[in-house]
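Note: the block below is run_4.pdb and it holds PDB, C-alpha atoms.
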ATOM      1  CA  MET A 473     125.358 -40.541 -88.157
ATOM      2  CA  LYS A 474     123.700 -38.018 -90.464
ATOM      3  CA  HIS A 475     123.483 -34.490 -89.209
ATOM      4  CA  THR A 476     120.517 -33.006 -91.000
ATOM      5  CA  LEU A 477     119.153 -29.496 -90.835
ATOM      6  CA  THR A 478     115.773 -28.254 -89.681
ATOM      7  CA  PRO A 479     113.665 -26.195 -92.129
ATOM      8  CA  GLN A 480     114.487 -23.084 -90.095
ATOM      9  CA  ARG A 481     118.199 -23.691 -90.661
ATOM     10  CA  TYR A 482     117.670 -24.134 -94.395
ATOM     11  CA  LEU A 483     116.017 -20.691 -94.266
ATOM     12  CA  ILE A 484     119.190 -19.272 -92.681
ATOM     13  CA  LEU A 485     121.242 -20.809 -95.529
ATOM     14  CA  LEU A 486     118.789 -19.289 -98.021
ATOM     15  CA  ALA A 487     119.339 -15.939 -96.298
ATOM     16  CA  VAL A 488     123.129 -16.443 -96.662
ATOM     17  CA  MET A 489     122.649 -16.980-100.418
ATOM     18  CA  LEU A 490     120.202 -14.157-101.027
ATOM     19  CA  THR A 491     121.312 -11.334 -98.729
ATOM     20  CA  ALA A 492     124.897 -11.234-100.057
ATOM     21  CA  SER A 493     123.878 -11.191-103.699
ATOM     22  CA  VAL A 494     120.942  -8.816-103.323
ATOM     23  CA  GLY A 495     123.085  -6.560-101.086
ATOM     24  CA  ASP A 496     125.917  -6.442-103.648
ATOM     25  CA  THR A 497     123.495  -5.710-106.481
ATOM     26  CA  LEU A 498     121.775  -2.920-104.497
ATOM     27  CA  LEU A 499     125.174  -1.398-103.623
ATOM     28  CA  SER A 500     126.254  -1.572-107.254
ATOM     29  CA  TYR A 501     122.995   0.060-108.409
ATOM     30  CA  GLY A 502     123.246   2.749-105.736
ATOM     31  CA  MET A 503     126.867   3.536-106.560
ATOM     32  CA  THR A 504     126.079   4.009-110.257
ATOM     33  CA  GLN A 505     123.644   6.730-109.136
ATOM     34  CA  VAL A 506     126.235   8.320-106.821
ATOM     35  CA  GLY A 507     128.963   8.362-109.476
ATOM     36  CA  PRO A 508     132.678   7.460-109.357
ATOM     37  CA  VAL A 509     134.336   8.116-105.999
ATOM     38  CA  THR A 510     137.978   9.197-106.230
ATOM     39  CA  LEU A 511     140.522  10.245-103.606
ATOM     40  CA  ALA A 512     139.912  13.838-104.661
ATOM     41  CA  HIS A 513     136.155  13.495-104.122
ATOM     42  CA  LEU A 514     135.923  11.441-100.941
ATOM     43  CA  GLY A 515     132.972  13.586 -99.888
ATOM     44  CA  LEU A 516     130.913  11.606-102.370
ATOM     45  CA  LEU A 517     131.095   8.680 -99.931
ATOM     46  CA  LEU A 518     128.922  10.732 -97.568
ATOM     47  CA  ALA A 519     126.414  11.172-100.368
ATOM     48  CA  ALA A 520     126.642   7.419-100.983
ATOM     49  CA  ILE A 521     125.610   6.495 -97.453
ATOM     50  CA  ARG A 522     122.528   8.714 -97.825
ATOM     51  CA  ASN A 523     121.442   6.916-100.983
ATOM     52  CA  PRO A 524     118.475   4.619-100.187
ATOM     53  CA  TRP A 525     119.800   1.842-102.480
ATOM     54  CA  VAL A 526     123.180   1.931-100.749
ATOM     55  CA  ILE A 527     121.548   1.950 -97.289
ATOM     56  CA  THR A 528     119.384  -1.060 -98.182
ATOM     57  CA  GLY A 529     122.442  -2.798 -99.656
ATOM     58  CA  ILE A 530     124.431  -2.244 -96.442
ATOM     59  CA  LEU A 531     121.502  -3.573 -94.352
ATOM     60  CA  CYS A 532     121.379  -6.671 -96.581
ATOM     61  CA  LEU A 533     125.125  -7.221 -96.138
ATOM     62  CA  LEU A 534     124.781  -6.873 -92.351
ATOM     63  CA  GLY A 535     122.017  -9.477 -92.566
ATOM     64  CA  PHE A 536     124.378 -11.648 -94.611
ATOM     65  CA  PHE A 537     127.128 -11.504 -91.978
ATOM     66  CA  ALA A 538     124.673 -12.314 -89.183
ATOM     67  CA  SER A 539     123.186 -15.295 -91.038
ATOM     68  CA  TYR A 540     126.652 -16.483 -92.198
ATOM     69  CA  LEU A 541     127.939 -16.487 -88.602
ATOM     70  CA  THR A 542     124.775 -18.225 -87.393
ATOM     71  CA  ALA A 543     125.196 -20.917 -90.061
ATOM     72  CA  LEU A 544     128.859 -21.401 -89.106
ATOM     73  CA  SER A 545     127.818 -21.972 -85.493
ATOM     74  CA  TRP A 546     125.978 -25.206 -86.449
ATOM     75  CA  ALA A 547     127.450 -26.278 -89.789
ATOM     76  CA  ASP A 548     130.910 -26.916 -91.233
ATOM     77  CA  LEU A 549     132.753 -24.221 -93.173
ATOM     78  CA  THR A 550     132.975 -26.586 -96.161
ATOM     79  CA  PHE A 551     129.172 -26.956 -96.001
ATOM     80  CA  VAL A 552     128.362 -23.241 -95.738
ATOM     81  CA  LEU A 553     130.869 -21.942 -98.318
ATOM     82  CA  PRO A 554     129.231 -23.494-101.401
ATOM     83  CA  ALA A 555     126.016 -21.815-100.247
ATOM     84  CA  THR A 556     127.778 -18.447-100.265
ATOM     85  CA  ALA A 557     129.040 -19.265-103.787
ATOM     86  CA  PHE A 558     125.456 -19.834-104.872
ATOM     87  CA  GLY A 559     125.088 -16.103-104.291
ATOM     88  CA  TYR A 560     127.221 -15.550-107.430
ATOM     89  CA  VAL A 561     124.555 -17.384-109.404
ATOM     90  CA  VAL A 562     121.827 -15.172-107.921
ATOM     91  CA  VAL A 563     123.895 -12.070-108.810
ATOM     92  CA  ALA A 564     124.208 -13.306-112.404
ATOM     93  CA  PHE A 565     120.426 -13.725-112.675
ATOM     94  CA  LEU A 566     119.779 -10.348-111.043
ATOM     95  CA  ALA A 567     122.249  -8.794-113.490
ATOM     96  CA  LYS A 568     120.453 -10.422-116.406
ATOM     97  CA  TYR A 569     116.824  -9.790-115.486
ATOM     98  CA  TRP A 570     117.077  -6.566-113.485
ATOM     99  CA  GLN A 571     120.089  -4.748-114.940
ATOM    100  CA  HIS A 572     119.641  -6.381-118.391
ATOM    101  CA  GLU A 573     123.283  -7.453-118.658
ATOM    102  CA  THR A 574     124.112 -10.266-121.069
ATOM    103  CA  ILE A 575     125.344 -13.592-119.705
ATOM    104  CA  THR A 576     128.020 -15.233-121.836
ATOM    105  CA  VAL A 577     128.345 -18.983-122.425
ATOM    106  CA  TYR A 578     131.316 -19.011-119.993
ATOM    107  CA  ARG A 579     129.024 -17.644-117.293
ATOM    108  CA  TRP A 580     126.292 -20.175-117.965
ATOM    109  CA  VAL A 581     128.867 -22.969-117.626
ATOM    110  CA  GLY A 582     130.140 -21.341-114.419
ATOM    111  CA  ILE A 583     126.581 -21.180-113.057
ATOM    112  CA  LEU A 584     126.060 -24.856-113.888
ATOM    113  CA  LEU A 585     129.291 -25.862-112.117
ATOM    114  CA  ILE A 586     128.384 -23.909-108.956
ATOM    115  CA  VAL A 587     124.888 -25.388-108.892
ATOM    116  CA  CYS A 588     126.422 -28.898-109.163
ATOM    117  CA  GLY A 589     128.921 -28.070-106.405
ATOM    118  CA  VAL A 590     126.164 -26.877-104.062
ATOM    119  CA  GLY A 591     124.151 -30.007-104.890
ATOM    120  CA  PHE A 592     127.095 -32.248-103.906
ATOM    121  CA  VAL A 593     127.345 -30.892-100.362
ATOM    122  CA  ALA A 594     123.666 -30.160 -99.788
ATOM    123  CA  ASN A 595     122.955 -33.894 -99.809
ATOM    124  CA  GLY A 596     125.696 -34.738 -97.312
ATOM    125  CA  PRO A 597     125.945 -34.236 -93.551
ATOM    126  CA  SER A 598     126.226 -30.593 -92.476
ATOM    127  CA  LEU A 599     128.494 -31.000 -89.469
ATOM    128  CA  THR A 600     131.521 -33.117 -88.575
ATOM    129  CA  LEU A 601     130.807 -34.499 -85.133
ATOM    130  CA  HIS A 602     133.922 -34.827 -83.037
ATOM    131  CA  GLU A 603     133.399 -32.529 -80.070
ATOM    132  CA  SER A 604     134.206 -34.029 -76.691
ATOM    133  CA  HIS A 605     136.363 -36.662 -78.440
ATOM    134  CA  PRO A 606     139.830 -35.214 -79.019
ATOM    135  CA  VAL A 607     139.859 -36.636 -82.566
ATOM    136  CA  PRO A 608     140.546 -40.317 -81.930
ATOM    137  CA  GLU A 609     141.816 -42.447 -84.821
ATOM    138  CA  GLU A 610     138.283 -43.465 -85.466
ATOM    139  CA  PRO A 611     137.692 -45.354 -88.724
ATOM    140  CA  ALA A 612     135.068 -43.758 -90.940
ATOM    141  CA  PRO A 613     131.685 -45.262 -90.003
ATOM    142  CA  ALA A 614     130.865 -47.786 -92.674
ATOM    143  CA  GLY A 615     127.137 -47.163 -92.713
ATOM    144  CA  GLU A 616     127.297 -43.555 -93.803
ATOM    145  CA  GLY A 617     127.110 -44.259 -97.507
ATOM    146  CA  ALA A 618     128.613 -42.287-100.358
ATOM    147  CA  GLY A 619     128.606 -39.081 -98.324
ATOM    148  CA  THR A 620     131.663 -40.049 -96.371
ATOM    149  CA  GLY A 621     133.468 -41.985 -99.080
ATOM    150  CA  GLY A 622     137.222 -41.155 -98.908
ATOM    151  CA  THR A 623     138.262 -38.534 -96.446
ATOM    152  CA  ARG A 624     141.139 -37.431 -98.618
TER     153      ARG A 624
ATOM    154  CA  MET B 497     142.953   3.785-114.730
ATOM    155  CA  ILE B 498     144.093   0.317-115.707
ATOM    156  CA  HIS B 499     143.656  -0.433-119.366
ATOM    157  CA  ALA B 500     142.410  -3.841-120.425
ATOM    158  CA  GLY B 501     145.238  -6.163-121.340
ATOM    159  CA  HIS B 502     147.794  -3.981-119.578
ATOM    160  CA  ILE B 503     149.336  -5.719-116.578
ATOM    161  CA  TYR B 504     151.796  -3.619-114.655
ATOM    162  CA  ALA B 505     153.202  -6.318-112.347
ATOM    163  CA  GLY B 506     155.405  -9.240-113.402
ATOM    164  CA  THR B 507     154.191 -12.825-113.207
ATOM    165  CA  ILE B 508     155.711 -13.556-109.797
ATOM    166  CA  GLU B 509     154.444 -10.296-108.294
ATOM    167  CA  THR B 510     151.003 -10.905-109.793
ATOM    168  CA  TRP B 511     150.662 -14.379-108.310
ATOM    169  CA  ALA B 512     152.234 -13.337-105.008
ATOM    170  CA  ALA B 513     149.588 -10.619-104.720
ATOM    171  CA  ILE B 514     146.760 -13.005-105.663
ATOM    172  CA  LEU B 515     148.044 -15.642-103.216
ATOM    173  CA  THR B 516     148.208 -13.032-100.448
ATOM    174  CA  VAL B 517     144.553 -12.112-101.060
ATOM    175  CA  ALA B 518     143.528 -15.788-101.022
ATOM    176  CA  ALA B 519     145.665 -16.709 -97.985
ATOM    177  CA  THR B 520     144.326 -13.854 -95.861
ATOM    178  CA  ALA B 521     140.764 -14.672 -96.969
ATOM    179  CA  VAL B 522     141.243 -18.328 -95.998
ATOM    180  CA  ALA B 523     142.715 -17.278 -92.639
ATOM    181  CA  GLY B 524     139.691 -15.020 -92.088
ATOM    182  CA  ASP B 525     137.181 -17.741 -92.963
ATOM    183  CA  VAL B 526     138.872 -20.457 -90.920
ATOM    184  CA  LEU B 527     139.378 -18.243 -87.859
ATOM    185  CA  THR B 528     135.758 -17.070 -88.004
ATOM    186  CA  ALA B 529     134.457 -20.614 -88.466
ATOM    187  CA  GLY B 530     136.721 -21.875 -85.637
ATOM    188  CA  ALA B 531     135.465 -19.095 -83.377
ATOM    189  CA  MET B 532     131.836 -19.935 -84.131
ATOM    190  CA  ARG B 533     132.493 -23.602 -83.425
ATOM    191  CA  ARG B 534     133.996 -22.694 -80.025
ATOM    192  CA  ILE B 535     131.194 -20.276 -79.157
ATOM    193  CA  GLY B 536     128.578 -22.915 -79.978
ATOM    194  CA  ASP B 537     125.127 -22.893 -81.527
ATOM    195  CA  LEU B 538     124.051 -19.246 -81.849
ATOM    196  CA  ASP B 539     120.384 -20.261 -82.014
ATOM    197  CA  LEU B 540     120.673 -21.770 -78.520
ATOM    198  CA  ILE B 541     122.601 -18.778 -77.151
ATOM    199  CA  ARG B 542     119.975 -16.418 -78.582
ATOM    200  CA  ALA B 543     117.175 -18.475 -77.067
ATOM    201  CA  LYS B 544     118.903 -18.337 -73.676
ATOM    202  CA  SER B 545     120.334 -14.823 -73.463
ATOM    203  CA  GLY B 546     118.710 -12.923 -76.331
ATOM    204  CA  LEU B 547     120.210 -11.231 -79.387
ATOM    205  CA  GLY B 548     122.428  -9.044 -77.206
ATOM    206  CA  GLY B 549     123.890 -12.124 -75.545
ATOM    207  CA  ALA B 550     124.645 -13.687 -78.922
ATOM    208  CA  VAL B 551     126.297 -10.494 -80.192
ATOM    209  CA  ARG B 552     128.360 -10.259 -76.978
ATOM    210  CA  ALA B 553     129.431 -13.907 -77.263
ATOM    211  CA  VAL B 554     130.657 -13.347 -80.825
ATOM    212  CA  ALA B 555     132.237  -9.921 -80.355
ATOM    213  CA  SER B 556     134.162 -10.979 -77.237
ATOM    214  CA  SER B 557     135.881 -13.893 -78.992
ATOM    215  CA  PRO B 558     139.533 -13.004 -79.766
ATOM    216  CA  MET B 559     139.570 -15.675 -82.477
ATOM    217  CA  PHE B 560     136.584 -14.047 -84.185
ATOM    218  CA  LEU B 561     138.215 -10.607 -83.976
ATOM    219  CA  LEU B 562     141.406 -12.033 -85.475
ATOM    220  CA  GLY B 563     139.278 -13.530 -88.253
ATOM    221  CA  VAL B 564     137.654 -10.166 -88.985
ATOM    222  CA  LEU B 565     141.131  -8.586 -88.997
ATOM    223  CA  SER B 566     142.265 -11.173 -91.561
ATOM    224  CA  MET B 567     139.168 -10.467 -93.683
ATOM    225  CA  ALA B 568     140.006  -6.761 -93.562
ATOM    226  CA  ALA B 569     143.623  -7.560 -94.546
ATOM    227  CA  SER B 570     142.283  -9.611 -97.451
ATOM    228  CA  PHE B 571     140.042  -6.746 -98.568
ATOM    229  CA  PHE B 572     142.894  -4.240 -98.531
ATOM    230  CA  SER B 573     145.301  -6.626-100.260
ATOM    231  CA  LEU B 574     142.635  -7.128-102.939
ATOM    232  CA  LEU B 575     142.448  -3.350-103.382
ATOM    233  CA  PHE B 576     146.249  -3.245-103.666
ATOM    234  CA  THR B 577     146.237  -6.163-106.116
ATOM    235  CA  LEU B 578     143.588  -4.509-108.269
ATOM    236  CA  SER B 579     145.812  -1.470-108.686
ATOM    237  CA  ASN B 580     148.535  -3.668-110.206
ATOM    238  CA  VAL B 581     146.771  -6.636-111.770
ATOM    239  CA  GLU B 582     143.855  -6.815-114.194
ATOM    240  CA  LEU B 583     140.484  -7.237-112.500
ATOM    241  CA  SER B 584     139.516 -10.071-114.867
ATOM    242  CA  LEU B 585     142.423 -12.155-113.545
ATOM    243  CA  ALA B 586     142.724 -10.991-109.935
ATOM    244  CA  ALA B 587     139.075 -11.329-108.867
ATOM    245  CA  PRO B 588     138.290 -14.831-110.205
ATOM    246  CA  ALA B 589     141.749 -16.238-109.431
ATOM    247  CA  SER B 590     141.711 -15.079-105.809
ATOM    248  CA  ALA B 591     138.080 -16.170-105.279
ATOM    249  CA  SER B 592     138.745 -19.629-106.756
ATOM    250  CA  LEU B 593     141.955 -20.122-104.766
ATOM    251  CA  THR B 594     140.076 -19.090-101.632
ATOM    252  CA  PHE B 595     137.507 -21.847-102.169
ATOM    253  CA  LEU B 596     140.177 -24.509-102.665
ATOM    254  CA  GLY B 597     142.337 -23.182 -99.822
ATOM    255  CA  ASN B 598     139.333 -23.232 -97.501
ATOM    256  CA  ALA B 599     138.705 -26.927 -98.190
ATOM    257  CA  PHE B 600     142.337 -27.753 -97.278
ATOM    258  CA  ALA B 601     142.386 -25.431 -94.262
ATOM    259  CA  ALA B 602     139.025 -26.722 -92.970
ATOM    260  CA  LYS B 603     140.367 -30.267 -93.111
ATOM    261  CA  ILE B 604     143.711 -29.444 -91.465
ATOM    262  CA  PHE B 605     142.770 -26.808 -88.880
ATOM    263  CA  LEU B 606     139.061 -27.360 -88.221
ATOM    264  CA  LYS B 607     139.344 -31.168 -88.595
ATOM    265  CA  GLU B 608     136.254 -31.139 -90.804
ATOM    266  CA  ASN B 609     135.392 -34.330 -92.607
ATOM    267  CA  VAL B 610     136.128 -33.057 -96.116
ATOM    268  CA  ASN B 611     134.858 -36.110 -97.961
ATOM    269  CA  ARG B 612     134.759 -36.816-101.676
ATOM    270  CA  ARG B 613     131.519 -34.829-102.068
ATOM    271  CA  ARG B 614     133.044 -31.748-100.473
ATOM    272  CA  TRP B 615     136.265 -31.951-102.506
ATOM    273  CA  LEU B 616     134.181 -32.199-105.666
ATOM    274  CA  ALA B 617     132.058 -29.275-104.501
ATOM    275  CA  ALA B 618     135.184 -27.195-103.807
ATOM    276  CA  LEU B 619     136.607 -27.995-107.259
ATOM    277  CA  PHE B 620     133.325 -27.341-109.087
ATOM    278  CA  VAL B 621     132.673 -24.098-107.215
ATOM    279  CA  CYS B 622     136.286 -23.018-107.768
ATOM    280  CA  ALA B 623     136.009 -23.607-111.532
ATOM    281  CA  GLY B 624     132.499 -22.119-111.627
ATOM    282  CA  VAL B 625     133.511 -18.910-109.859
ATOM    283  CA  PHE B 626     136.472 -18.548-112.223
ATOM    284  CA  LEU B 627     134.236 -18.863-115.279
ATOM    285  CA  LEU B 628     131.535 -16.638-113.830
ATOM    286  CA  ALA B 629     133.939 -13.780-113.199
ATOM    287  CA  LYS B 630     135.597 -14.112-116.614
TER     288      LYS B 630
END

Take the structure in this file and express it as structure tokens.
Amino acid sequence: MKHTLTPQRYLILLAVMLTASVGDTLLSYGMTQVGPVTLAHLGLLLAAIRNPWVITGILCLLGFFASYLTALSWADLTFVLPATAFGYVVVAFLAKYWQHETITVYRWVGILLIVCGVGFVANGPSLTLHESHPVPEEPAPAGEGAGTGGTR
Amino acid sequence: MIHAGHIYAGTIETWAAILTVAATAVAGDVLTAGAMRRIGDLDLIRAKSGLGGAVRAVASSPMFLLGVLSMAASFFSLLFTLSNVELSLAAPASASLTFLGNAFAAKIFLKENVNRRRWLAALFVCAGVFLLAK
């Protein structure tokens, strides 16, 4: 039994990917404007939360948490987590094209691996269905194809 | 300031600190995911009792609160780890271990069907995150 997602739910997963990475990048950009915060200058944190970049970053991260929790309410943790990892790829691209940082070969390989990882789960079922059955020793349904290949 | 190439903690302390960060992060993720599974589809709850109802359903779940507490513990243990271990090791190692640990924990505690695809995804993402943060 394939548990597929509606377009609206794919949008929530897209929000999970984008809000975390954009939020982190905005926070990082805002904090470079605020300057280094040390224990001796904790007052700078107050200045930080008045910085528009930091405020927008915090709003994005709140949006991330809301969409992450929503996704977890209808999809497995092992389905949603690779989507959150895709955020690292978005951060790398934002760093390259917005902050003009260089991306090393290691990073390109890392990006490729994460993209492959997300591709593996995105094609499979999003939710393990076993509610109302207290996990019987049910053999894996044969008709589910490669997606449910070994459970170990 | 920590200078590059200068690790203050020994090998065992370093890995104990990194494992603590990963273990608390996994606990946070699994507890939060378990709480959301118990609460049920947030889209349906929101349709029935509005955004406020959904927020109340989440915030009143002890399992969710425990998950958030674990995430906070993970954050602070990461801060502690970063004061003793190089960032270029601590951040990718703990993030990668968290991804692998989550696959195991989701299978054991959440009884998720972690099939071959998902194991491969966990391994690829784990390796990818490590390389990305290098």

(message) What are the residues of chain B lining chain A at 8 Å or less? Count only C-alpha atoms, and put the answer as a PyMOL selection string.
(response) chain B and resi 525-526+528-529+532-533+535-539+595+598-599+602+608-614+616-621+623-630

List the residues selected by the PyMOL selection byres ((chain A and resi 536) around 10) in the file shown, writing them as a PDB file with C-alpha atoms, in the coordinates of the input.
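Everything below was put into expr-v3.pdb:
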ATOM      1  CA  ILE A 484     119.190 -19.272 -92.681  1.00  0.00           C
ATOM      2  CA  LEU A 485     121.242 -20.809 -95.529  1.00  0.00           C
ATOM      3  CA  ALA A 487     119.339 -15.939 -96.298  1.00  0.00           C
ATOM      4  CA  VAL A 488     123.129 -16.443 -96.662  1.00  0.00           C
ATOM      5  CA  MET A 489     122.649 -16.980-100.418  1.00  0.00           C
ATOM      6  CA  LEU A 490     120.202 -14.157-101.027  1.00  0.00           C
ATOM      7  CA  THR A 491     121.312 -11.334 -98.729  1.00  0.00           C
ATOM      8  CA  ALA A 492     124.897 -11.234-100.057  1.00  0.00           C
ATOM      9  CA  SER A 493     123.878 -11.191-103.699  1.00  0.00           C
ATOM     10  CA  VAL A 494     120.942  -8.816-103.323  1.00  0.00           C
ATOM     11  CA  GLY A 495     123.085  -6.560-101.086  1.00  0.00           C
ATOM     12  CA  ILE A 530     124.431  -2.244 -96.442  1.00  0.00           C
ATOM     13  CA  LEU A 531     121.502  -3.573 -94.352  1.00  0.00           C
ATOM     14  CA  CYS A 532     121.379  -6.671 -96.581  1.00  0.00           C
ATOM     15  CA  LEU A 533     125.125  -7.221 -96.138  1.00  0.00           C
ATOM     16  CA  LEU A 534     124.781  -6.873 -92.351  1.00  0.00           C
ATOM     17  CA  GLY A 535     122.017  -9.477 -92.566  1.00  0.00           C
ATOM     18  CA  PHE A 537     127.128 -11.504 -91.978  1.00  0.00           C
ATOM     19  CA  ALA A 538     124.673 -12.314 -89.183  1.00  0.00           C
ATOM     20  CA  SER A 539     123.186 -15.295 -91.038  1.00  0.00           C
ATOM     21  CA  TYR A 540     126.652 -16.483 -92.198  1.00  0.00           C
ATOM     22  CA  LEU A 541     127.939 -16.487 -88.602  1.00  0.00           C
ATOM     23  CA  THR A 542     124.775 -18.225 -87.393  1.00  0.00           C
ATOM     24  CA  THR A 556     127.778 -18.447-100.265  1.00  0.00           C
TER      25      THR A 556
END

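Residue selection for this entry, given the PyMOL selection byres ((chain B and resi 573) around 12), comprises Thr510, Ala512, Ala513, Ile514, Leu515, Thr516, Val517, Ala518, Ala519, Thr520, Ala521, Ser566, Met567, Ala568, Ala569, Ser570, Phe571, Phe572, Leu574, Leu575, Phe576, Thr577, Leu578, Ser579, Asn580, Val581, Ala586, Ala587 and Ser590 of chain B.
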
(request) Identify which of the residues B:Leu593, B:Ile508, B:Leu540, B:Leu565 lies closest to Cys622 of chain B, counting all atoms listed in the file when measuring atom-to-atom distances. (result) B:Leu593

(request) Would you list the contacts of Met559 of chain B as a PyMOL selection string, taking every protein, DNA or RNA residue within 6 Å and counting all atoms listed in the file, but skipping same-chain residues closer than 3 positions in sequence? (result) chain B and resi 527+531+562

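For the atom pair formed by atom CA of Trp570 of chain A and atom CA of Leu486 of chain A, the distance is 20.1 Å, given to one decimal.
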
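The two atoms in question, atom CA of Asp496 of chain A and atom CA of Val526 of chain A, are spaced 9.3 Å apart.
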
Axis-aligned box over every listed atom of segment 497-514 of chain A, padded by 4 Å per side: centre and edges in Å to one decimal, as AutoDock Vina command-line options?
--center_x 131.1 --center_y 4.1 --center_z -105.6 --size_x 26.7 --size_y 27.5 --size_z 17.3

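Here atom CA of Ala543 of chain B is placed at a distance of 17.6 Å from atom CA of Ala555 of chain B.
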